[in-house]
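Everything below concerns the one structure shown next.
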Number of protein chains: 2
Amino acid sequence: MARDADNLKGYRNTALELLTHAALSTGDMVVVRTRHGEMSGILMPRYESADKDHIVIKLKSGYNIGIDISNIESISKTVKLRNQETSIRTTNGETDKVTTNFEFKEENTWELFSSEKVKRDLPRIALISTGGTIASKIDYRTGGVKSALSAVELYESVPELADYAIVEPEVLLSEYSENLNTQHWGLIAKKVFEKWRSDDYRGIIISHGTDTMHYTASALSFALQGIPIPIVLVGAQRSSDRPSSDAASNLLGATLFELKSNVTGVFVAMHAGTSDDTIACHIGTRVRKNHASRRDAFESIDVEPVAIIKDEYVGVRNGWKSIRKRERSSNHNSEIHQFSVKPNFDPRAALLKFHPGFDPQLISHIIKLGHRAIILEGTGLGHVSRDCFPEIQKALNAGIMIFMTSQCIWGRTGMTVYNTGRDLLEMGVVPLSDMLPETAIVKAMWVLANSSNSDSAKKLMQENLAYEISLISPIL
Amino acid sequence: MARDADNLKGYRNTALELLTHAALSTGDMVVVRTRHGEMSGILMPRYESADKDHIVIKLKSGYNIGIDISNIESISKTVKLRNQETSIRTTNGETDKVTTNFEFKEENTWELFSSEKVKRDLPRIALISTGGTIASKIDYRTGGVKSALSAVELYESVPELADYAIVEPEVLLSEYSENLNTQHWGLIAKKVFEKWRSDDYRGIIISHGTDTMHYTASALSFALQGIPIPIVLVGAQRSSDRPSSDAASNLLGATLFELKSNVTGVFVAMHAGTSDDTIACHIGTRVRKNHASRRDAFESIDVEPVAIIKDEYVGVRNGWKSIRKRERSSNHNSEIHQFSVKPNFDPRAALLKFHPGFDPQLISHIIKLGHRAIILEGTGLGHVSRDCFPEIQKALNAGIMIFMTSQCIWGRTGMTVYNTGRDLLEMGVVPLSDMLPETAIVKAMWVLANSSNSDSAKKLMQENLAYEISLISPIL
């Protein structure tokens, strides 16, 4: 096997010299000993913008780390030969030629789709790729990030997956999520439904841009109510080819959650806290992107995450026992009659965030645009200035439904506490308790397309369909 | 002194019996021993809706607690006689008549505005009341809460203040804060300026409804840039007459911060965490109401609070050493020339929150309404769907300034990372880094009224005027 720079993609100068001398290739499983300790993982390729003094290892947790070569005392290669593991140790600067045996390379565990794996009869998971950072790499021309990797490439970049499941990838969309709209939601919902109907998948993973992943998670929660398998949306805050990428660990976490938990529904799996190896799995209607760039940007709001995934352990919260348990029928087809997809959304709903100095005429414009519902993001317990009352009354008179949420994000509306709230209730504004504004606008669009009249729409908006609203009164 | 129900306002049945028997009045300093421990504080009045089995004690921390009378083993009264403290103990059900001496009552420390206090030459603080829950009590007709207490009443309800400062209250407005607009901001700013100019106050406290307190704090931060004393907005999530009210402790915290810290500027002081006795003091432009009902609803975003106040201790964060230190001039008037109020705001700015299915025509409507600036709450690093590009271009061509913030709340815009961001930058959308959307809309309204043209307005928007924006590049 040739030992040229193609096998050590992106490495330059001293790092390239070391790795060439040690006869290593990217993709090799290596053990690195430094003065700070020992770590093992897969030697990753680097990119042109990378510096020359670090090598990058993908740890078992899926997290990539960069190691300064000046700290390396030794670097060794581990090769798995059938059921036998052989360690080939190479001291920094001096290769132990006796144990270097590259004929074993073909038998590495990192060979995907190998017939051996399939024979092991691993559970099968469908991976639907829709785009976003998780499927993107650095654009060398601009220095920015562009959508590029296919689901296949993505899967190949997370070889650890092959230890747990047969993942069957398919590219549905290749869009940054800010460009997704209500029609895309319907498209994804229908694809999930088809996948579920066509085969006996243990779960379905949807890779998605993080910008609007929580909106899509809400949309699928309503469109796929009662789906008897887990659907997990997964994204990355750092692109897959960056050393700090969270793509692999999030994907692994989603896979483990689908394999090891027995809950069904729509979820979002992303990094939890600042820990490198902990993933949280959130209810699709109760999650929000709360940081523009951090890997732990996604948080469950007003509830705890459904599950925490750490290493190979999946801990499902007791509090979420109420989630429908998966009961796998021996006759898969019998489930088909119990569940159908409702993929339609009507975008004629608007979200308006109130603030001091808010122009009430924005409300009248909603009437002119032909919208059928307004989600207000009020202050505190669900308030807007009394200056808005005439325009709100006008909109209600025109048959537009107006729902109230709180811009505080945490907590719930409480419109009977103050005169402002009571006046709005009397006019006909409908409070949505602890439903997130982001979930409320998605639900309104789904309800508009799935109810016959305003009364049933208003009723549906206040019902708990997918854990989006809890009706327990809080202690004020 | 008469021992009738007027002295035990609101107490009924068994609680009234106990307190009458023990010869206590509301306002008395008492020590209560229960099987859970001993606590001391001021016996508070109760209100008609209160149950008959609890008495309410205001602790030294300012926090009110309710005590179930069935748990009370003894209740005693503490009277301060000049410098001598005498304890008058009354066992539950059997009053010790020998030590009950009500002639000492007049010398209680809880007598406010006493000539003795003034003689002690305490620092003076101005308290401007604008309304809100902190100045409200339960409306017995509706069971809700209405704005009712004047600043004087409010001050009288927090007698502990008299230990630290002469607080000079004045009622400016009596409004729930959702009804405040840009003109109110100007009014409050001018009042603060007048107060500062007229007298040598150590600081000024503004009591305010919590719904939009952070918007007003931002507005004052811009209007009162360079004010050489601390201005602290303070509110309550529970009205002053409720046992769990946070009004007193927040007001005390604000007072201690003004007395014991040496920083100047505009701040918000509210409960921190779930602790009963810890108050956080936040930078006026960096704080957000993040919960609809909890007492610790207010949080500093992307920065730490400036100070933590616990009991009588005020800890100012080292990281905030950059805040202008107060340098008290011997000649107070010399400061007047260095600082002036800029109280004008132009409300022709709109805040639009983007979401999937967002109707781009909302942007064109802003043009028709004659607005001069739009703050977009984009997704992630500052994105909107490309479906919005034509309308954004149209608005920019019409001379409307468009600024980008992130709806993630935490983190900052990063518009050079993805194509979407770069395209928006190229069109002329101006990113506002980590400025909060709520702060951005307030700043835009202030900038529009305080700049001569679009170029200077755009420049001013991107400058750090009152800690609202930090330009340090984040590690992505």
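Chain lettering (A, B, ...) mirrors the order of the structure tokens, residue numbering begins at 1 for each chain separately, and ligand numbering begins at 1 in order of display.
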
Near segment 428-435 of chain B, within 8 Å and counting only C-alpha atoms, which residues show up once chain neighbours fewer than 3 positions away are dropped, as a ChimeraX atom specification?
-> /B:286,302,382,396,401-406,410-415,424-425,439-440,458,461-462,468-471

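Interface residues of chain A facing chain B, defined by any atom at most 6 Å away and using only C-alpha atoms, are Gly144, Val145, Glu178, Asn179, Asn181, Thr182, Asp211, Lys289, Asn290, His291, Ala292, Pro347, Pro356, Gly357, Thr379, Gly380, Leu381, Val384, Ser385, Cys408, Trp410, Gly411, Arg412, Val417 and Tyr418 of chain A.
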
Residues of segment 173-251 of chain A that approach segment 304-310 of chain A to 12 Å or less, counting only C-alpha atoms: could you list each one with the shortest pair of atoms and its distance in Å to one decimal, rows by chain and increasing residue number, as CSV?
residue,atom,partner,partner_atom,distance
A:Val232,CA,A:Val306,CA,11.9
A:Ser249,CA,A:Lys310,CA,9.9
A:Asn250,CA,A:Ile309,CA,9.6
A:Leu251,CA,A:Ile309,CA,11.3

Can you write out the residues you just picked, keeping all heavy atoms, as a short mmCIF file (atom, residue, chain, number, x, y, z; two decimals), in the first residue's frame?
data_model
loop_
_atom_site.label_atom_id
_atom_site.label_comp_id
_atom_site.auth_asym_id
_atom_site.auth_seq_id
_atom_site.Cartn_x
_atom_site.Cartn_y
_atom_site.Cartn_z
N VAL A 232 -35.54 10.63 15.21
CA VAL A 232 -34.63 11.57 15.88
C VAL A 232 -33.97 12.49 14.87
O VAL A 232 -33.32 12.04 13.92
CB VAL A 232 -33.55 10.82 16.70
CG1 VAL A 232 -32.65 11.81 17.42
CG2 VAL A 232 -34.20 9.88 17.71
N SER A 249 -20.64 12.49 17.16
CA SER A 249 -21.16 12.11 18.47
C SER A 249 -22.67 12.30 18.54
O SER A 249 -23.37 11.52 19.18
CB SER A 249 -20.45 12.87 19.59
OG SER A 249 -20.33 14.23 19.28
N ASN A 250 -23.20 13.33 17.88
CA ASN A 250 -24.65 13.51 17.86
C ASN A 250 -25.34 12.37 17.12
O ASN A 250 -26.37 11.85 17.55
CB ASN A 250 -25.02 14.85 17.22
CG ASN A 250 -24.63 16.03 18.10
OD1 ASN A 250 -24.51 15.89 19.31
ND2 ASN A 250 -24.43 17.19 17.49
N LEU A 251 -24.75 11.97 15.99
CA LEU A 251 -25.31 10.88 15.19
C LEU A 251 -25.26 9.56 15.97
O LEU A 251 -26.22 8.79 15.99
CB LEU A 251 -24.51 10.77 13.89
CG LEU A 251 -25.10 9.97 12.75
CD1 LEU A 251 -26.52 10.41 12.43
CD2 LEU A 251 -24.23 10.10 11.50
#

When DSSP works through the backbone of this structure, what residues of segment 187-429 of chain A end up as alpha helix (DSSP H), shown as a PyMOL selection string?
-> chain A and resi 187-198+213-223+247-260+361-368+389-397+419-427

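Restricting the calculation to only C-alpha atoms, the smallest distance between Gly265 of chain A and any of A:Thr278, A:Asn7, A:Gln225, A:Ser40 is found for A:Gln225.
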
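Considering the residues A:Val32, A:Val266, A:Lys394, A:Ile42 and counting only C-alpha atoms, Ile67 of chain A has its shortest atom-to-atom contact with A:Val32.
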
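Between atom CA of Asn453 of chain B and atom CA of Ile367 of chain B there is a distance of 17.7 Å.
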
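Atom CA of Ile231 of chain B sits 13.7 Å away from atom CA of Met270 of chain B.
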
Apply DSSP to the backbone of this structure and, from segment 193-420 of chain B, keep only the residues in strand (DSSP E or B); write these as number ranges by chain.
-> B: 203-207, 230-234, 263, 265-271, 278-283, 287-289, 291, 298-300, 307-310, 313-316, 325, 349-353, 373-379, 383, 401-406, 410, 418
